[in-house]
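Remarks on the structure that follows.
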Amino acid sequence: MGKYVIAGNWKMNKLPSETYDYIKEVVEATKGAECEVVCCTPYVCLSEAVKAAEGTHVSIGAENLHFEDKGAFTGEVSADMLVDLGVKYVIMGHSERREYNNETDETVNLKAKKALSKGLIPIVCCGESLEQREAGITMDWIAIQIKKAFAGIDAADAKKVIVAYEPIWAIGTGKTATDDQAEEVCAGIRALLADLYDDATAKEITIQYGGSMNAKNAAGLLAKPNIDGGLIGGASLVAADFAVITGAAK
Ligand code: 13P
């Protein structure tokens with residue numbers, strides 16, 4: 001299956017002045033990890049994060065980007081700006097941005113294509129609400145999100161994309177999907193990618209679970225055959241907890 005990738009999503013936490021030391025802490029704590037270790041930080045922390053991670057096993061990601069190259073987009077940040085800083089990964093389509101910042105399946109697709117064209121690795125988030133899960137339409141909803149996110153992306157580029165399955169009801173709530181619930185959807189996403197592309201491509205795509213993943217529940221989730229990593233919010237803010245999760249990814 002896909003390469004194991006454990007990525008922290010700091011969201012709107014930590015200060016630029018705390019970033020260098022904290023990344024050094026993560027580097028130390030996650031030494032020997034057998035997975036790719038990524039910290040996605042707020043824009044203003046990126047340059048300190050990249051500096052601290054340079055020459056180490058830790059890579060740095062952004063939490064968003066704009067899909068245009070440049071121009072009159074006040075407050076936005078382009079792929080070229082991220083690449084210029086030394087950023088390698090970028091999150092898009094997070095449910096928080098879909099809810100509060102007008103992120104749509106269309107902008108996710110534009111951002112994914114832009115990121116890939118600039119050599120950034122997109123972490124494409126998808127996930128259902130509690131109402132959708134209770135209505136039994138989880139996989140239909142996720143199929144729409146995934147098909148739209150991958151539209152116009154060829155198999156060679158698709159292999160580079162990371163999909164993060166994050167049930168909205170599990171984010172920041174302490175309510176994790178059970179190992180079997182998470183595996184069921186991640187397996188469904190893999191089957192869908194096999195339909196869109198082919199089996200070999202689908203197997204190479206890293207599929208993460210995200211939503212209250214922590215030091216206690218990570219091993220069970222990561223042992224599932226279709227869960228190739230995690231996108232970690234709260235637990236990525238404490239290096240020791242994050243390190244237990246990276247240690248469980250093998
Ligand atoms: P929590 O791990 O805090 O639930 O956040 C998950 C998430 O949204 C990661 O992108």
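Here's how to read the names in the structure tokens: chain A, B, ... by the order shown, residue numbers from 1 in each chain, ligand numbers from 1 in the order shown.
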### Task
Could you pull out the residues sitting within 6 Å of ligand 1, using only C-alpha atoms and all ligand atoms, and write them as an NGL selection string?
:A and (9 or 171-172 or 210-213 or 231-234)
### Task
Taking the chain letters and numbering used in this document, name the residues of range 66-142 of chain A that DSSP puts in alpha helix (DSSP H), as a PyMOL selection string.
chain A and resi 79-85+95-100+105-117+130-134+138-142
### Task
Do a neighbour search on Val77 in chain A at 8 Å with only C-alpha atoms, toss out local chain neighbours closer than 3 positions, and write the hits as a PyMOL selection string.
chain A and resi 65-66+81-82
### Picked from range 115-176 of chain A by DSSP as strand (DSSP E or B), as a list in words
Ile121, Pro122, Ile123, Val124, Cys125, Cys126, Ile162, Val163, Ala164 and Tyr165 of chain A
Taking N, CA and C atoms for each residue, export the selection above as a PDB file, in the first residue's frame.
ATOM      1  N   ILE A 121       3.652  18.227  -2.662  1.00  0.00           N
ATOM      2  CA  ILE A 121       2.799  17.052  -2.477  1.00  0.00           C
ATOM      3  C   ILE A 121       1.496  17.481  -1.811  1.00  0.00           C
ATOM      4  N   PRO A 122       0.366  17.306  -2.521  1.00  0.00           N
ATOM      5  CA  PRO A 122      -0.922  17.706  -1.936  1.00  0.00           C
ATOM      6  C   PRO A 122      -1.422  16.677  -0.927  1.00  0.00           C
ATOM      7  N   ILE A 123      -1.900  17.148   0.198  1.00  0.00           N
ATOM      8  CA  ILE A 123      -2.638  16.295   1.144  1.00  0.00           C
ATOM      9  C   ILE A 123      -4.098  16.718   1.017  1.00  0.00           C
ATOM     10  N   VAL A 124      -4.874  15.898   0.314  1.00  0.00           N
ATOM     11  CA  VAL A 124      -6.261  16.240  -0.016  1.00  0.00           C
ATOM     12  C   VAL A 124      -7.186  15.644   1.035  1.00  0.00           C
ATOM     13  N   CYS A 125      -7.906  16.512   1.751  1.00  0.00           N
ATOM     14  CA  CYS A 125      -8.791  16.036   2.822  1.00  0.00           C
ATOM     15  C   CYS A 125     -10.209  15.801   2.301  1.00  0.00           C
ATOM     16  N   CYS A 126     -10.831  14.759   2.833  1.00  0.00           N
ATOM     17  CA  CYS A 126     -12.232  14.487   2.550  1.00  0.00           C
ATOM     18  C   CYS A 126     -12.862  13.941   3.823  1.00  0.00           C
ATOM     19  N   ILE A 162      -1.542  12.555  -1.489  1.00  0.00           N
ATOM     20  CA  ILE A 162      -1.943  11.889  -0.247  1.00  0.00           C
ATOM     21  C   ILE A 162      -3.408  12.235  -0.010  1.00  0.00           C
ATOM     22  N   VAL A 163      -4.210  11.220   0.280  1.00  0.00           N
ATOM     23  CA  VAL A 163      -5.613  11.461   0.633  1.00  0.00           C
ATOM     24  C   VAL A 163      -5.739  11.333   2.146  1.00  0.00           C
ATOM     25  N   ALA A 164      -6.349  12.317   2.777  1.00  0.00           N
ATOM     26  CA  ALA A 164      -6.593  12.229   4.221  1.00  0.00           C
ATOM     27  C   ALA A 164      -8.096  12.079   4.449  1.00  0.00           C
ATOM     28  N   TYR A 165      -8.506  10.911   4.965  1.00  0.00           N
ATOM     29  CA  TYR A 165      -9.908  10.715   5.315  1.00  0.00           C
ATOM     30  C   TYR A 165     -10.117  11.213   6.732  1.00  0.00           C
TER      31      TYR A 165
END
Shell around range 83-85 of chain A at 9 Å using only C-alpha atoms, local window under 2 positions removed, as a compact mmCIF listing (two decimals) with all heavy atoms, in the first residue's frame:
# COMPACT_ATOMS: atom_id res chain seq x y z
N LEU A 46 6.38 28.94 8.78
CA LEU A 46 7.04 28.04 7.83
C LEU A 46 8.54 28.25 7.72
O LEU A 46 9.31 27.30 7.66
CB LEU A 46 6.39 28.18 6.43
CG LEU A 46 5.02 27.53 6.29
CD1 LEU A 46 4.39 27.91 4.95
CD2 LEU A 46 5.11 26.01 6.41
N SER A 47 8.97 29.52 7.69
CA SER A 47 10.39 29.72 7.41
C SER A 47 11.24 29.24 8.59
O SER A 47 12.28 28.60 8.40
CB SER A 47 10.67 31.16 6.96
OG SER A 47 11.12 31.92 8.00
N VAL A 50 11.18 25.34 8.40
CA VAL A 50 12.08 24.80 7.37
C VAL A 50 13.52 24.87 7.85
O VAL A 50 14.29 23.93 7.70
CB VAL A 50 11.89 25.55 6.03
CG1 VAL A 50 13.01 25.21 5.05
CG2 VAL A 50 10.53 25.24 5.42
N SER A 78 1.11 31.73 -2.73
CA SER A 78 1.16 30.87 -3.93
C SER A 78 2.04 29.65 -3.72
O SER A 78 2.87 29.60 -2.79
CB SER A 78 1.70 31.68 -5.11
OG SER A 78 3.10 31.91 -4.93
N ALA A 79 1.91 28.71 -4.63
CA ALA A 79 2.76 27.51 -4.61
C ALA A 79 4.23 27.90 -4.75
O ALA A 79 5.08 27.35 -4.05
CB ALA A 79 2.35 26.57 -5.74
N ASP A 80 4.53 28.84 -5.65
CA ASP A 80 5.93 29.26 -5.83
C ASP A 80 6.51 29.80 -4.52
O ASP A 80 7.68 29.57 -4.23
CB ASP A 80 6.04 30.35 -6.91
CG ASP A 80 5.88 29.77 -8.31
OD1 ASP A 80 6.24 28.59 -8.50
OD2 ASP A 80 5.39 30.49 -9.19
N MET A 81 5.72 30.54 -3.77
CA MET A 81 6.20 31.09 -2.49
C MET A 81 6.55 29.96 -1.53
O MET A 81 7.57 30.00 -0.83
CB MET A 81 5.14 31.99 -1.86
CG MET A 81 4.88 33.27 -2.64
SD MET A 81 3.44 34.11 -1.93
CE MET A 81 3.23 35.43 -3.13
N VAL A 87 9.24 24.40 1.39
CA VAL A 87 8.10 23.60 1.85
C VAL A 87 7.87 22.46 0.86
O VAL A 87 8.02 22.64 -0.34
CB VAL A 87 6.84 24.51 1.93
CG1 VAL A 87 5.57 23.70 2.12
CG2 VAL A 87 7.01 25.52 3.06
N LYS A 88 7.50 21.26 1.38
CA LYS A 88 7.33 20.09 0.50
C LYS A 88 5.88 19.61 0.37
O LYS A 88 5.52 19.00 -0.62
CB LYS A 88 8.15 18.91 1.05
CG LYS A 88 9.65 19.14 1.10
CD LYS A 88 10.40 18.00 0.45
CE LYS A 88 11.86 18.27 0.26
NZ LYS A 88 12.61 18.27 1.56
N LYS A 118 4.02 22.28 -9.39
CA LYS A 118 5.17 22.97 -8.79
C LYS A 118 6.02 22.03 -7.94
O LYS A 118 6.93 22.46 -7.25
CB LYS A 118 4.68 24.13 -7.91
CG LYS A 118 3.83 25.15 -8.64
CD LYS A 118 4.65 25.97 -9.62
CE LYS A 118 3.77 27.05 -10.27
NZ LYS A 118 4.56 27.93 -11.16
N GLY A 119 5.66 20.76 -7.92
CA GLY A 119 6.46 19.78 -7.17
C GLY A 119 6.12 19.69 -5.69
O GLY A 119 6.85 19.07 -4.92
N LEU A 120 5.00 20.28 -5.29
CA LEU A 120 4.53 20.14 -3.90
C LEU A 120 3.63 18.90 -3.81
O LEU A 120 2.93 18.57 -4.76
CB LEU A 120 3.70 21.36 -3.49
CG LEU A 120 4.44 22.68 -3.31
CD1 LEU A 120 3.43 23.83 -3.29
CD2 LEU A 120 5.26 22.67 -2.03
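Among the candidate residues A:Glu63, A:Asp21, A:Glu99, A:Asp198, the one lying nearest to Ala156 in chain A is A:Asp198, with distances computed using only C-alpha atoms.
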#### Entry: Length of the CA of Cys40 in chain A to CA of Tyr89 in chain A vector [Å]
7.6 Å
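Once Glu48 in chain A and its same-chain neighbours fewer than 2 positions away are set aside, Lys14, Leu15, Pro16, Ser17, Glu18, Thr19, Tyr20, Asp21, Tyr22, Ile23, Lys24, Cys39, Thr41, Pro42, Tyr43, Val44, Cys45, Leu46, Val50, Lys51, Ala52, Ala53, Glu54, Ile60, Leu85, Gly86 and Val87 of chain A remain within 12 Å of it when counting only C-alpha atoms.
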List the neighbours of Lys203 in chain A out to 10 Å using only C-alpha atoms; skip same-chain residues closer than 6 positions along the sequence, and give me the result as a compact mmCIF listing (two decimals) with N, CA, C and O atoms, in the first residue's frame.
# COMPACT_ATOMS: atom_id res chain seq x y z
N MET A 1 0.84 -1.19 0.00
CA MET A 1 0.00 0.00 0.00
C MET A 1 0.88 1.25 0.00
O MET A 1 2.09 1.15 -0.11
N GLY A 2 0.27 2.40 0.17
CA GLY A 2 1.05 3.64 0.07
C GLY A 2 2.13 3.73 1.13
O GLY A 2 2.11 3.01 2.13
N LYS A 3 3.05 4.63 0.89
CA LYS A 3 4.12 4.86 1.86
C LYS A 3 3.51 5.47 3.14
O LYS A 3 2.62 6.31 3.05
N LYS A 159 -0.34 9.35 -8.14
CA LYS A 159 0.45 8.55 -7.20
C LYS A 159 1.15 9.40 -6.15
O LYS A 159 1.53 8.91 -5.09
N ARG A 190 -9.67 3.57 -1.63
CA ARG A 190 -8.68 2.86 -2.47
C ARG A 190 -9.39 2.21 -3.67
O ARG A 190 -8.89 2.26 -4.79
N ALA A 191 -10.55 1.60 -3.42
CA ALA A 191 -11.28 0.95 -4.51
C ALA A 191 -11.72 1.98 -5.55
O ALA A 191 -11.65 1.74 -6.77
N LEU A 193 -10.21 4.81 -6.20
CA LEU A 193 -9.01 5.24 -6.94
C LEU A 193 -8.61 4.18 -7.97
O LEU A 193 -8.13 4.52 -9.06
N ALA A 194 -8.83 2.90 -7.62
CA ALA A 194 -8.54 1.83 -8.59
C ALA A 194 -9.47 1.94 -9.79
O ALA A 194 -9.08 1.68 -10.93
N ASN A 226 -5.52 -0.56 4.87
CA ASN A 226 -5.70 0.58 3.96
C ASN A 226 -5.45 1.93 4.62
O ASN A 226 -5.73 2.97 4.03
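Here CA of Glu28 in chain A is placed at a distance of 17.6 Å from CA of Val5 in chain A.
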